[in-house]
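Enquirer: Submitted below is the structure of interest, expressed as structure tokens.
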Amino acid sequence: MKDTPLSNCERDFLLKAIEDKKRLDGRQTYDYRRIKITFGTDYGCCFVDLGKTRVMAQVSCELVAPKENRPNEGIMFFNIELSPMASPGFEQGRQSELSVKLNRQLERCLRNSKCIDTESLCVVSGEKVWQIRVDVHMLNHDGNLMDAASIAAITALCHFRRPDVSINGDEVTVYSPEERDPIPLSIYHMPISVSFSFFQQGTYLLVDPCEREERVMDGLLMIAMNKHREICSIQSSGGIMLLKEQVMRCSKIASVKVSEITELISKALENDRKARKAGEKCGFAESMPQERITALKTDETPVEMTDVTERANEIIQKAEPPLQTIPSLLVPAPGVGQVGQGLQNTWGLEEEEEEEEDDEDENSGEEQKEQTKMMEEEHDEKEESREGHVVQLSDSEEEEVVILHPETPNKTPKNAGSATHQKGATKSKRRQKK
Amino acid sequence: MAKQYTSSFIDKLTYQSNRSVMEVCGSSNVTLREFGCEQSLLSRPDGSASFIQGDTSVLAAVYGPAEVKVSKEIYDRATLEVLIQPKVGLPSVRERSQEQCLRESCEASLLLSLHPRSSLTLILQLLSSFLNAACMALMDAGLPMSCLFCGVTCAIDADGCIITDPTAAQEKKSRALMTFAIDSAEHRVMTSSTKGSFSVHELQQCIAVSQKASEKIFQFYRDSVRRRYSKTL
Amino acid sequence: MFSSLKKKVGEVLLPGDEFSYDTDDTISLTEHVKPEKVVCGPGLRRSGDRLLVCKSGVLRHKQPNMFWIDSQQRRYVPAKGETVIGIIAAKAGDVFKVDFGGSEQASLSYLAFEGATKRNRPNVQVGDLVFAQFTIANKDMEPELVCIDSSGRANGMGVFGGGGLLFKVSLGLVRRLLSPNSEIHSDLDQMFPCELVVGMNGRVWVKSSSVQQTLIIANLLQSCDTMTGPQRQELFRRVQTGAL
């Protein structure tokens with residue numbers, strides 16, 4: 001699917017607004033949008049909202065054999081998924097240029113900066129190490145995916161707990177969370193990426209560009225930094241020439257932003273830890289906004305089932321008993337068996353219905369019959385709607401004339417229906433001629 | 001759904017139900033966990049919804065009717081694509097089969113013929129009772145549908161008790177697991193997917209329970225839509 | 001059916017809800033029964049002798065017998081006669097391809113502008129905005145736009161958009177903006193004078209005295225989708241006095 005094109009008018013207006021130091025959502029040049037961090041019920045699941053941009057990160061782990069050249073280091077694996085949910089322009093399962101760029105940047109930001117102690121992930125040197133996998137899913141794209149992804153990934157890594165293991169001779173035991181408390185990863189520092197977009201060949205600079213600003217920008221500078229003001233990676237793209245002073249200025253801004261964001265992350269982690277300790281409910285259900293008009297929640301509701309048994313019995317009563325005949329086995333030649341009354345293959349006929357019911361209990365005949373009946377009814381319904389459809393002759397499908405009280409009330413409903421159909425058709429034909 | 005029975009029939013029924021008391025016990029398990037939803041929470045998609053039921057949550061987004069690839073174009077109806085994204089890793093066979101199951105349910109309720117030569121894309125993130133989130137998202141996108149649907153999961157545990165809307169732990173312990181998609185018009189079963197072994201009787205009981213539970217969910221749909229439009233009435 | 005529909009006006013309906021006509025038990029032989037007629041708008045469909053709701057939203061009624069469902073959809077489906085804001089996506093021979101946010105691009109002939117002839121082509125570039133009307137819009141055919149009315153006049157249509165901002169709002173808000181004597185429109189008119197172009201496809205273009213003012217109006221309009229009248233007026237007033 002194609003994305004909506006950007007009109008000249010939008011482009012001109014945006015550039016003019018940037019010259020006036022104005023932004024679409026009323027922010028100042030160096031402002032970030034509102035950042036919200038929420039956690040899932042299980043460890044290592046984190047949602048980040050950056051304005052309307054929304055990203056989810058999930059960390060998982062697995063015991064694998066280490067790389068040959070690094071026998072006592074754990075493996076980090078990053079995967080950024082540009083889900084078509086985020087933008088109609090993203091395609092499922094295709095590595096686009098953007099996803100490669102984001103993936104590479106995230107790896108540089110989190111793996112190459114050695115922020116995670118990979119040696120502590122070694123279980124048996126040269127044989128078993130933990131592989132930590134970080135999946136980042138983009139859920140809504142409104143610009144600056146990289147910053148949101150980096151915040152989500154590092155927060156999820158901080159939140160994650162891996163199962164405890166013990167080594168007894170050659171035996172490695174992995175304990176479930178109930179047996180032994182899972183262990184957090186050891187993280188040295190938290191690199192966070194900050195994006196700067198440049199306009200008019202570097203004359204203007206914006207922090208945290210939104211989607212429309214990203215579309216008109218000339219160049220992008222991404223700086224990953226930790227709160228100790230150490231630059232972990234720096235990347236300039238878009239083919240723009242930057243002056244030394246500009247880069248220095250950006251890194252100064254980045255250091256301020258990073259310390260703010262780091263504080264926010266630690267606060268969010270702290271809140272979640274407290275909530276979990278106190279045994280409160282945590283996760284999405286709690287993070288859902290209650291005050292919004294589009295949101296609604298109900299409490300646990302009991303389902304009344306007084307006549308359920310009767311209903312079930314009634315249906316079984318009505319259904320025909322299953323076929324009791326046991327097909328006889330026929331052996332036409334040694335080593336070949338045949339089951340069935342006739343010797344004809346009936347598989348071809350049943351195949352269509354089999355598809356949906358593969359997992360149904362095979363020996364209950366009437367249940368299958370029930371299912372097919374339902375499917376037939378569905379078919380009927382489809383047929384009907386299509387029938388109603390053919391009648392529409394008018395140009396815009398929105399106008400349809402329904403005649404009530406057809407003059408032939410004695411007929412069966414079905415016939416009456418078709419009669420109105422025809423009348424409707426002639427009516428709309430006449431209307432067209434006018 | 002009221003029906004008239006002859007007296008002999010009722011006798012038979014009571015006999016039957018007495019016999020099956022052993023099978024349906026612990027009706028206290030027949031509850032739905034608390035559930036919530038939020039519509040239009042994402043800005044880019046045409047329709048989106050998140051559905052939370054107990055500890056599980058699903059996010060669904062719909063794009064469409066939109067441009068369709070020539071190779072996927074169908075001349076008399078819209079092409080429906082369903083994509084399910086697992087939380088961890090890439091989509092596997094399990095996701096594919098769930099996608100197919102969901103697509104068939106949606107196709108049954110959507111009036112696809114109203115938008116020929118266009119594409120509808122439904123994307124879901126995080127798994128479990130995805131049917132409800134999908135239906136809410138389709139409704140939010142304003143796509144023409146002949147009826148709504150909802151998903152109800154029933155588990156039968158080792159003692160033969162029916163548990164509706166089981167938690168992950170209950171699911172693991174259960175003997176059989178059934179998921180039904182039920183339509184809103186006549187509460188019929190649109191899709192069923194089952195795991196494990198169970199008797200015909202148990203199946204029918206589960207269907208009946210699910211139909212009962214679905215009423216609650218449909219009422220919830222209605223309440224949430226009513227809330228949403230409360231300011232434009 | 002008329003009465004049962006009438007009863008539900010202003011209520012929220014969901015797909016799958018049905019109306020069937022209430023047949024009288026006794027039919028008078030002497031009196032001639034006048035057939036009732038109901039015109040169904042978007043969101044209502046006839047299926048046999050029933051009337052099906054196929055979109056979620058509020059049931060609306062207009063005299064004498066029109067009914068439709070008012071929903072807050074975001075994707076636009078073209079309808080004949082509606083005016084939309086399109087973006088010129090490409091030039092293809094003697095037609096322009098226009099993106100209007102629907103399922104396919106519409107075609108707009110270069111002759112369908114006021115005063116355009118084979119020699120005198122209109123000056124339209126890719127990426128320009130056009131305000132145009134649908135002459136063909138049905139589910140089976142490529143939609144077609146024109147920038148002239150039936151008498152060949154522009155009548156407000158054509159290329160526009162210098163210096164203003166284009167943004168998207170929900171289709172429900174656009175309909176409320178365009179409805180005759182709409183409150184939002186009059187509120188806006190009093191407090192923030194501006195040039196406004198509203199397309200039925202949810203696109204709104206706004207231009208005001210300054211960039212700042214334009215941005216304020218755009219953000220206000222985007223936020224007043226889920227607000228009641230008093231809430232909106234309160235917001236407008238506060239913005240005007242500079243409280244926000």
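Chain lettering (A, B, ...) mirrors the order of the structure tokens, residue numbering begins at 1 for each chain separately, and ligand numbering begins at 1 in order of display.
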Compute the chain B side of the contact with chain A at 6 Å, counting only C-alpha atoms, and hand it back as a VMD selection string.

Expert: chain B and resid 30 to 39 61 67 123 204 to 205 208 213 224 228

Enquirer: Near chain A, meaning an atom within 7 Å, which residues of chain C appear when counting only C-alpha atoms? Write them as a list in words.

Expert: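 The complete set of qualifying residues is Pro35, Glu36, Lys37, Val38, Val39, Cys40, Gly41, Pro42, Arg46, Ser47, Gly48, Asp49, Ala79, Lys80, Ile87, Gly127, Asp128, Leu129, Ala137, Asn138, Gly161, Gly162, Gly163, Gly164, Leu165, Leu166, Val211 and Leu215 of chain C.
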
Enquirer: I need the residues from that last selection saved to file as a PDB file, in the first residue's frame (with N, CA and C atoms), if you can.

Expert:
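Saved the output as result-v5.pdb:
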ATOM      1  N   PRO C  35     -48.171   1.892   0.240  1.00  0.00           N
ATOM      2  CA  PRO C  35     -46.847   1.367   0.585  1.00  0.00           C
ATOM      3  C   PRO C  35     -45.980   2.460   1.205  1.00  0.00           C
ATOM      4  N   GLU C  36     -45.312   2.076   2.282  1.00  0.00           N
ATOM      5  CA  GLU C  36     -44.426   3.015   2.959  1.00  0.00           C
ATOM      6  C   GLU C  36     -43.082   2.997   2.241  1.00  0.00           C
ATOM      7  N   LYS C  37     -42.438   4.107   2.196  1.00  0.00           N
ATOM      8  CA  LYS C  37     -41.117   4.157   1.570  1.00  0.00           C
ATOM      9  C   LYS C  37     -40.115   4.727   2.564  1.00  0.00           C
ATOM     10  N   VAL C  38     -38.931   4.119   2.558  1.00  0.00           N
ATOM     11  CA  VAL C  38     -37.869   4.615   3.428  1.00  0.00           C
ATOM     12  C   VAL C  38     -36.615   4.711   2.580  1.00  0.00           C
ATOM     13  N   VAL C  39     -35.913   5.799   2.660  1.00  0.00           N
ATOM     14  CA  VAL C  39     -34.655   5.922   1.930  1.00  0.00           C
ATOM     15  C   VAL C  39     -33.514   5.653   2.904  1.00  0.00           C
ATOM     16  N   CYS C  40     -32.672   4.668   2.536  1.00  0.00           N
ATOM     17  CA  CYS C  40     -31.594   4.265   3.431  1.00  0.00           C
ATOM     18  C   CYS C  40     -30.293   4.920   3.007  1.00  0.00           C
ATOM     19  N   GLY C  41     -29.662   5.570   3.905  1.00  0.00           N
ATOM     20  CA  GLY C  41     -28.374   6.191   3.624  1.00  0.00           C
ATOM     21  C   GLY C  41     -27.236   5.283   4.030  1.00  0.00           C
ATOM     22  N   PRO C  42     -26.035   5.839   4.187  1.00  0.00           N
ATOM     23  CA  PRO C  42     -24.866   5.044   4.548  1.00  0.00           C
ATOM     24  C   PRO C  42     -25.094   4.269   5.855  1.00  0.00           C
ATOM     25  N   ARG C  46     -30.534  -3.006   2.763  1.00  0.00           N
ATOM     26  CA  ARG C  46     -31.707  -3.852   2.713  1.00  0.00           C
ATOM     27  C   ARG C  46     -31.271  -5.265   2.374  1.00  0.00           C
ATOM     28  N   SER C  47     -31.802  -6.212   3.089  1.00  0.00           N
ATOM     29  CA  SER C  47     -31.528  -7.606   2.769  1.00  0.00           C
ATOM     30  C   SER C  47     -32.866  -8.320   2.836  1.00  0.00           C
ATOM     31  N   GLY C  48     -33.401  -8.600   1.664  1.00  0.00           N
ATOM     32  CA  GLY C  48     -34.729  -9.206   1.617  1.00  0.00           C
ATOM     33  C   GLY C  48     -35.748  -8.251   2.190  1.00  0.00           C
ATOM     34  N   ASP C  49     -36.517  -8.696   3.175  1.00  0.00           N
ATOM     35  CA  ASP C  49     -37.516  -7.813   3.761  1.00  0.00           C
ATOM     36  C   ASP C  49     -37.046  -7.242   5.088  1.00  0.00           C
ATOM     37  N   ALA C  79     -18.341   9.265  -2.962  1.00  0.00           N
ATOM     38  CA  ALA C  79     -19.744   9.236  -3.345  1.00  0.00           C
ATOM     39  C   ALA C  79     -19.964  10.355  -4.355  1.00  0.00           C
ATOM     40  N   LYS C  80     -20.839  10.101  -5.305  1.00  0.00           N
ATOM     41  CA  LYS C  80     -21.056  11.033  -6.395  1.00  0.00           C
ATOM     42  C   LYS C  80     -21.557  12.377  -5.861  1.00  0.00           C
ATOM     43  N   ILE C  87      -4.770  15.555  -3.813  1.00  0.00           N
ATOM     44  CA  ILE C  87      -3.384  15.925  -4.091  1.00  0.00           C
ATOM     45  C   ILE C  87      -3.042  15.331  -5.451  1.00  0.00           C
ATOM     46  N   GLY C 127       1.734  17.402  -6.847  1.00  0.00           N
ATOM     47  CA  GLY C 127       1.850  17.849  -5.455  1.00  0.00           C
ATOM     48  C   GLY C 127       0.919  19.002  -5.132  1.00  0.00           C
ATOM     49  N   ASP C 128       0.268  19.570  -6.153  1.00  0.00           N
ATOM     50  CA  ASP C 128      -0.669  20.667  -5.912  1.00  0.00           C
ATOM     51  C   ASP C 128      -1.959  20.142  -5.294  1.00  0.00           C
ATOM     52  N   LEU C 129      -2.652  21.035  -4.644  1.00  0.00           N
ATOM     53  CA  LEU C 129      -3.951  20.671  -4.073  1.00  0.00           C
ATOM     54  C   LEU C 129      -5.063  21.096  -5.025  1.00  0.00           C
ATOM     55  N   ALA C 137     -18.481   8.001  -9.120  1.00  0.00           N
ATOM     56  CA  ALA C 137     -17.982   7.399  -7.891  1.00  0.00           C
ATOM     57  C   ALA C 137     -18.878   6.221  -7.574  1.00  0.00           C
ATOM     58  N   ASN C 138     -18.453   5.054  -7.958  1.00  0.00           N
ATOM     59  CA  ASN C 138     -19.138   3.851  -7.494  1.00  0.00           C
ATOM     60  C   ASN C 138     -18.106   2.772  -7.287  1.00  0.00           C
ATOM     61  N   GLY C 161      -4.212  26.632  -2.483  1.00  0.00           N
ATOM     62  CA  GLY C 161      -3.343  26.142  -1.417  1.00  0.00           C
ATOM     63  C   GLY C 161      -2.053  26.886  -1.187  1.00  0.00           C
ATOM     64  N   GLY C 162      -1.914  28.107  -1.688  1.00  0.00           N
ATOM     65  CA  GLY C 162      -0.681  28.835  -1.390  1.00  0.00           C
ATOM     66  C   GLY C 162      -0.665  29.316   0.051  1.00  0.00           C
ATOM     67  N   GLY C 163       0.339  28.907   0.800  1.00  0.00           N
ATOM     68  CA  GLY C 163       0.557  29.487   2.122  1.00  0.00           C
ATOM     69  C   GLY C 163      -0.264  28.928   3.264  1.00  0.00           C
ATOM     70  N   GLY C 164      -1.155  28.010   2.964  1.00  0.00           N
ATOM     71  CA  GLY C 164      -1.969  27.459   4.051  1.00  0.00           C
ATOM     72  C   GLY C 164      -1.445  26.111   4.499  1.00  0.00           C
ATOM     73  N   LEU C 165      -2.158  25.502   5.443  1.00  0.00           N
ATOM     74  CA  LEU C 165      -1.743  24.190   5.948  1.00  0.00           C
ATOM     75  C   LEU C 165      -2.850  23.171   5.719  1.00  0.00           C
ATOM     76  N   LEU C 166      -2.441  21.992   5.262  1.00  0.00           N
ATOM     77  CA  LEU C 166      -3.384  20.901   5.051  1.00  0.00           C
ATOM     78  C   LEU C 166      -3.246  19.913   6.199  1.00  0.00           C
ATOM     79  N   VAL C 211       1.471  32.410  10.504  1.00  0.00           N
ATOM     80  CA  VAL C 211       1.764  30.982  10.672  1.00  0.00           C
ATOM     81  C   VAL C 211       1.256  30.507  12.029  1.00  0.00           C
ATOM     82  N   LEU C 215      -1.524  27.589  12.727  1.00  0.00           N
ATOM     83  CA  LEU C 215      -1.221  26.389  13.516  1.00  0.00           C
ATOM     84  C   LEU C 215      -2.216  26.231  14.651  1.00  0.00           C
TER      85      LEU C 215
END

Enquirer: Mind running chain B against chain C at 6 Å and telling me each contacting residue's nearest atom pair with the distance in Å (one decimal), counting only C-alpha atoms, chain and number ascending, as CSV?

Expert:
residue,atom,partner,partner_atom,distance
B:Asp46,CA,C:Arg74,CA,5.3
B:Pro65,CA,C:Ser103,CA,5.3
B:Ala66,CA,C:Ser103,CA,3.7
B:Glu67,CA,C:Ser103,CA,4.6
B:His115,CA,C:Lys139,CA,5.8
B:Ser118,CA,C:Ser103,CA,5.8
B:Ala141,CA,C:Gln73,CA,5.6
B:Gly142,CA,C:Gln73,CA,5.1
B:Pro144,CA,C:Cys54,CA,4.8
B:Met145,CA,C:Cys54,CA,4.7
B:Ser146,CA,C:Gly16,CA,5.3
B:Cys147,CA,C:Gly16,CA,3.7
B:Leu148,CA,C:Pro15,CA,6.0
B:Ala185,CA,C:Gly16,CA,5.3
B:Arg226,CA,C:Val12,CA,5.7
B:Lys231,CA,C:Thr228,CA,5.5
B:Leu233,CA,C:Gly10,CA,5.9

Enquirer: Atom CA of Ile253 of chain A and atom CA of His228 of chain A, how far apart in Å?

Expert: 13.7 Å

Enquirer: According to DSSP computed on the backbone, where in segment 17-106 of chain C is there strand (DSSP E)? Give the residues as a count of residues only.

Expert: 42

Enquirer: At what distance in Å, to one decimal, does atom CA of Glu82 of chain C lie from atom CA of Gly202 of chain C?

Expert: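 Atom-to-atom, atom CA of Gly202 of chain C to atom CA of Glu82 of chain C, that is 11.9 Å.
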
Enquirer: Using only C-alpha atoms, which residues sit within 10 Å of Leu124 of chain B once same-chain residues fewer than 4 positions away are excluded, as a list in words?

Expert: Ser83, Pro84, Met85 and Leu139 of chain A; Ser48, Ala49, Ser50, Val58, Leu59, Ala60, Ala61, Val62, Val82, Leu83, Ile84, Gln85, Pro86, Glu99, Phe130, Leu131, Ala133, Ala134 and Ala137 of chain B

Enquirer: For the selection just defined, write its residues with N, CA and C atoms to a file, as an mmCIF file, in the first residue's frame.

Expert:
data_model
loop_
_atom_site.group_PDB
_atom_site.id
_atom_site.type_symbol
_atom_site.label_atom_id
_atom_site.label_comp_id
_atom_site.auth_asym_id
_atom_site.auth_seq_id
_atom_site.Cartn_x
_atom_site.Cartn_y
_atom_site.Cartn_z
ATOM 1 N N SER A 83 6.223 -3.126 11.485
ATOM 2 C CA SER A 83 4.946 -3.766 11.234
ATOM 3 C C SER A 83 4.065 -2.861 10.379
ATOM 4 N N PRO A 84 3.281 -3.424 9.447
ATOM 5 C CA PRO A 84 2.381 -2.592 8.641
ATOM 6 C C PRO A 84 1.348 -1.877 9.498
ATOM 7 N N MET A 85 1.269 -2.222 10.762
ATOM 8 C CA MET A 85 0.365 -1.526 11.664
ATOM 9 C C MET A 85 0.801 -0.064 11.827
ATOM 10 N N LEU A 139 4.418 0.216 16.378
ATOM 11 C CA LEU A 139 2.969 0.100 16.351
ATOM 12 C C LEU A 139 2.305 1.295 15.683
ATOM 13 N N SER B 48 -8.459 1.226 14.917
ATOM 14 C CA SER B 48 -7.594 0.458 15.799
ATOM 15 C C SER B 48 -8.306 0.240 17.116
ATOM 16 N N ALA B 49 -7.937 -0.828 17.779
ATOM 17 C CA ALA B 49 -8.534 -1.126 19.070
ATOM 18 C C ALA B 49 -7.577 -1.981 19.867
ATOM 19 N N SER B 50 -7.591 -1.785 21.170
ATOM 20 C CA SER B 50 -6.870 -2.723 22.015
ATOM 21 C C SER B 50 -7.900 -3.380 22.909
ATOM 22 N N VAL B 58 -4.451 -7.503 23.380
ATOM 23 C CA VAL B 58 -4.199 -7.545 21.944
ATOM 24 C C VAL B 58 -4.397 -6.154 21.390
ATOM 25 N N LEU B 59 -3.586 -5.846 20.415
ATOM 26 C CA LEU B 59 -3.719 -4.570 19.737
ATOM 27 C C LEU B 59 -4.033 -4.887 18.283
ATOM 28 N N ALA B 60 -5.080 -4.289 17.753
ATOM 29 C CA ALA B 60 -5.445 -4.569 16.361
ATOM 30 C C ALA B 60 -5.571 -3.265 15.605
ATOM 31 N N ALA B 61 -5.169 -3.289 14.341
ATOM 32 C CA ALA B 61 -5.279 -2.095 13.504
ATOM 33 C C ALA B 61 -5.786 -2.495 12.130
ATOM 34 N N VAL B 62 -6.574 -1.637 11.529
ATOM 35 C CA VAL B 62 -7.130 -1.932 10.207
ATOM 36 C C VAL B 62 -6.784 -0.793 9.253
ATOM 37 N N VAL B 82 -4.909 -10.672 6.717
ATOM 38 C CA VAL B 82 -4.772 -10.646 8.175
ATOM 39 C C VAL B 82 -3.323 -10.967 8.520
ATOM 40 N N LEU B 83 -2.715 -10.126 9.304
ATOM 41 C CA LEU B 83 -1.338 -10.364 9.711
ATOM 42 C C LEU B 83 -1.293 -10.417 11.227
ATOM 43 N N ILE B 84 -0.682 -11.459 11.743
ATOM 44 C CA ILE B 84 -0.554 -11.572 13.196
ATOM 45 C C ILE B 84 0.921 -11.527 13.558
ATOM 46 N N GLN B 85 1.262 -10.604 14.409
ATOM 47 C CA GLN B 85 2.652 -10.433 14.805
ATOM 48 C C GLN B 85 2.842 -11.024 16.181
ATOM 49 N N PRO B 86 3.702 -12.028 16.301
ATOM 50 C CA PRO B 86 3.957 -12.550 17.644
ATOM 51 C C PRO B 86 4.809 -11.562 18.420
ATOM 52 N N GLU B 99 -4.007 -16.721 11.639
ATOM 53 C CA GLU B 99 -4.398 -15.717 10.656
ATOM 54 C C GLU B 99 -5.542 -16.239 9.804
ATOM 55 N N PHE B 130 -7.787 -12.872 20.215
ATOM 56 C CA PHE B 130 -7.624 -11.834 19.214
ATOM 57 C C PHE B 130 -8.921 -11.492 18.501
ATOM 58 N N LEU B 131 -9.891 -12.384 18.595
ATOM 59 C CA LEU B 131 -11.117 -12.155 17.833
ATOM 60 C C LEU B 131 -11.811 -10.868 18.264
ATOM 61 N N ALA B 133 -10.555 -8.144 19.689
ATOM 62 C CA ALA B 133 -9.832 -6.943 19.278
ATOM 63 C C ALA B 133 -10.047 -6.694 17.795
ATOM 64 N N ALA B 134 -10.025 -7.767 17.008
ATOM 65 C CA ALA B 134 -10.200 -7.634 15.566
ATOM 66 C C ALA B 134 -11.557 -7.034 15.248
ATOM 67 N N ALA B 137 -11.679 -3.357 16.075
ATOM 68 C CA ALA B 137 -10.914 -2.542 15.137
ATOM 69 C C ALA B 137 -11.683 -2.370 13.832
#

Enquirer: Taking 5 positions as the minimum chain separation for residues in the same chain, which residues sit within 7 Å of segment 157-159 of chain B when counting only C-alpha atoms? Answer as an mmCIF file with C-alpha atoms, in the first residue's frame.

Expert:
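To be explicit, this is the file written out as selection-v2.cif:
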data_model
loop_
_atom_site.group_PDB
_atom_site.id
_atom_site.type_symbol
_atom_site.label_atom_id
_atom_site.label_comp_id
_atom_site.auth_asym_id
_atom_site.auth_seq_id
_atom_site.Cartn_x
_atom_site.Cartn_y
_atom_site.Cartn_z
ATOM 1 C CA LYS B 173 -3.864 -27.782 33.076
ATOM 2 C CA SER B 174 -6.963 -28.256 30.981
ATOM 3 C CA ARG B 175 -7.909 -31.441 29.216
ATOM 4 C CA ALA B 176 -9.488 -29.674 26.268
#

Enquirer: Using only C-alpha atoms, which protein or nucleic acid residues come within 12 Å of segment 182-194 of chain C? Drop anything in the same chain fewer than 2 positions from it, and give the result as a PyMOL selection string.

Expert: chain C and resi 164-165+173-180+196-198+205-218+220-225+227-241

Enquirer: So how far away is atom CA of Leu145 of chain A from atom CA of Arg33 of chain A, in Å?

Expert: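 Computing the Euclidean distance for atom CA of Arg33 of chain A and atom CA of Leu145 of chain A yields 12.5 Å.
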
Enquirer: May I have all residues of segment 24-224 of chain B that DSSP, computed from the backbone, assigns to alpha helix (DSSP H), given as a PyMOL selection string?

Expert: chain B and resi 93-109+130-140+168-173+200-224

Enquirer: Skipping near chain neighbours, those fewer than 4 positions away, what residues fall within 10 Å of segment 112-126 of chain C using only C-alpha atoms, listed as a PyMOL selection string?

Expert: (chain A and resi 7-8) or (chain C and resi 87-91+94-98+108+130+132+145-149+151-155+157-160)

Enquirer: With N, CA and C atoms kept, could you save the residues just selected as a tab-separated table (two decimals), in the first residue's frame?

Expert:
chain	number	residue	atom	x	y	z
A	7	SER	N	1.83	17.03	-0.04
A	7	SER	CA	1.54	18.08	-1.02
A	7	SER	C	2.56	19.21	-0.92
A	8	ASN	N	2.68	19.94	-2.01
A	8	ASN	CA	3.60	21.08	-2.04
A	8	ASN	C	3.25	22.09	-0.96
C	87	ILE	N	-4.77	15.56	-3.81
C	87	ILE	CA	-3.38	15.92	-4.09
C	87	ILE	C	-3.04	15.33	-5.45
C	88	ILE	N	-2.54	16.16	-6.38
C	88	ILE	CA	-2.16	15.65	-7.70
C	88	ILE	C	-0.98	14.70	-7.50
C	89	ALA	N	-1.17	13.43	-7.87
C	89	ALA	CA	-0.13	12.44	-7.64
C	89	ALA	C	0.72	12.24	-8.89
C	90	ALA	N	0.12	12.38	-10.07
C	90	ALA	CA	0.87	12.15	-11.30
C	90	ALA	C	0.14	12.77	-12.48
C	91	LYS	N	0.91	13.03	-13.54
C	91	LYS	CA	0.28	13.43	-14.79
C	91	LYS	C	0.37	12.23	-15.71
C	94	ASP	N	-3.47	12.99	-20.83
C	94	ASP	CA	-4.32	14.17	-20.67
C	94	ASP	C	-5.19	14.10	-19.41
C	95	VAL	N	-4.85	13.22	-18.49
C	95	VAL	CA	-5.54	13.25	-17.19
C	95	VAL	C	-4.50	13.35	-16.06
C	96	PHE	N	-4.96	13.90	-14.94
C	96	PHE	CA	-4.15	13.90	-13.74
C	96	PHE	C	-4.66	12.78	-12.85
C	97	LYS	N	-3.72	12.14	-12.15
C	97	LYS	CA	-4.13	11.15	-11.14
C	97	LYS	C	-4.15	11.86	-9.80
C	98	VAL	N	-5.26	11.75	-9.12
C	98	VAL	CA	-5.43	12.51	-7.88
C	98	VAL	C	-5.59	11.57	-6.69
C	108	LEU	N	-8.61	13.04	-13.18
C	108	LEU	CA	-9.12	14.40	-13.35
C	108	LEU	C	-8.61	14.89	-14.70
C	130	VAL	N	-6.08	20.26	-5.17
C	130	VAL	CA	-7.26	20.65	-5.95
C	130	VAL	C	-8.51	20.41	-5.11
C	132	ALA	N	-12.22	19.51	-5.77
C	132	ALA	CA	-12.93	18.98	-6.93
C	132	ALA	C	-14.12	18.16	-6.49
C	145	LEU	N	-13.01	12.92	-11.14
C	145	LEU	CA	-13.22	14.23	-10.53
C	145	LEU	C	-13.33	15.31	-11.61
C	146	VAL	N	-14.01	16.39	-11.31
C	146	VAL	CA	-14.00	17.57	-12.17
C	146	VAL	C	-13.87	18.82	-11.29
C	147	CYS	N	-13.35	19.88	-11.90
C	147	CYS	CA	-13.23	21.14	-11.16
C	147	CYS	C	-14.18	22.20	-11.71
C	148	ILE	N	-15.22	21.76	-12.42
C	148	ILE	CA	-16.22	22.71	-12.91
C	148	ILE	C	-17.61	22.16	-12.59
C	149	ASP	N	-18.58	23.05	-12.51
C	149	ASP	CA	-19.95	22.57	-12.32
C	149	ASP	C	-20.58	22.33	-13.68
C	151	SER	N	-22.43	24.00	-15.51
C	151	SER	CA	-22.46	25.09	-16.47
C	151	SER	C	-21.05	25.56	-16.87
C	152	GLY	N	-20.05	24.79	-16.47
C	152	GLY	CA	-18.70	25.12	-16.90
C	152	GLY	C	-17.99	26.16	-16.06
C	153	ARG	N	-18.59	26.52	-14.92
C	153	ARG	CA	-17.98	27.52	-14.03
C	153	ARG	C	-17.15	26.82	-12.95
C	154	ALA	N	-16.16	27.53	-12.44
C	154	ALA	CA	-15.31	26.92	-11.40
C	154	ALA	C	-16.09	26.75	-10.11
C	155	ASN	N	-16.91	27.76	-9.77
C	155	ASN	CA	-17.76	27.65	-8.59
C	155	ASN	C	-16.96	27.29	-7.33
C	157	MET	N	-14.17	25.72	-7.17
C	157	MET	CA	-13.29	24.56	-7.29
C	157	MET	C	-12.04	24.93	-8.08
C	158	GLY	N	-11.06	24.04	-8.09
C	158	GLY	CA	-9.84	24.27	-8.82
C	158	GLY	C	-8.61	24.15	-7.94
C	159	VAL	N	-7.47	24.59	-8.49
C	159	VAL	CA	-6.21	24.49	-7.75
C	159	VAL	C	-6.17	25.59	-6.69
C	160	PHE	N	-5.66	25.26	-5.51
C	160	PHE	CA	-5.57	26.25	-4.45
C	160	PHE	C	-4.42	25.87	-3.53

Enquirer: Excluding Ser125 of chain A and any residue of its chain fewer than 2 positions from it, enumerate the residues within 7 Å of it, using only C-alpha atoms, and give them as a PyMOL selection string.

Expert: chain A and resi 71-72+122-123+127-128
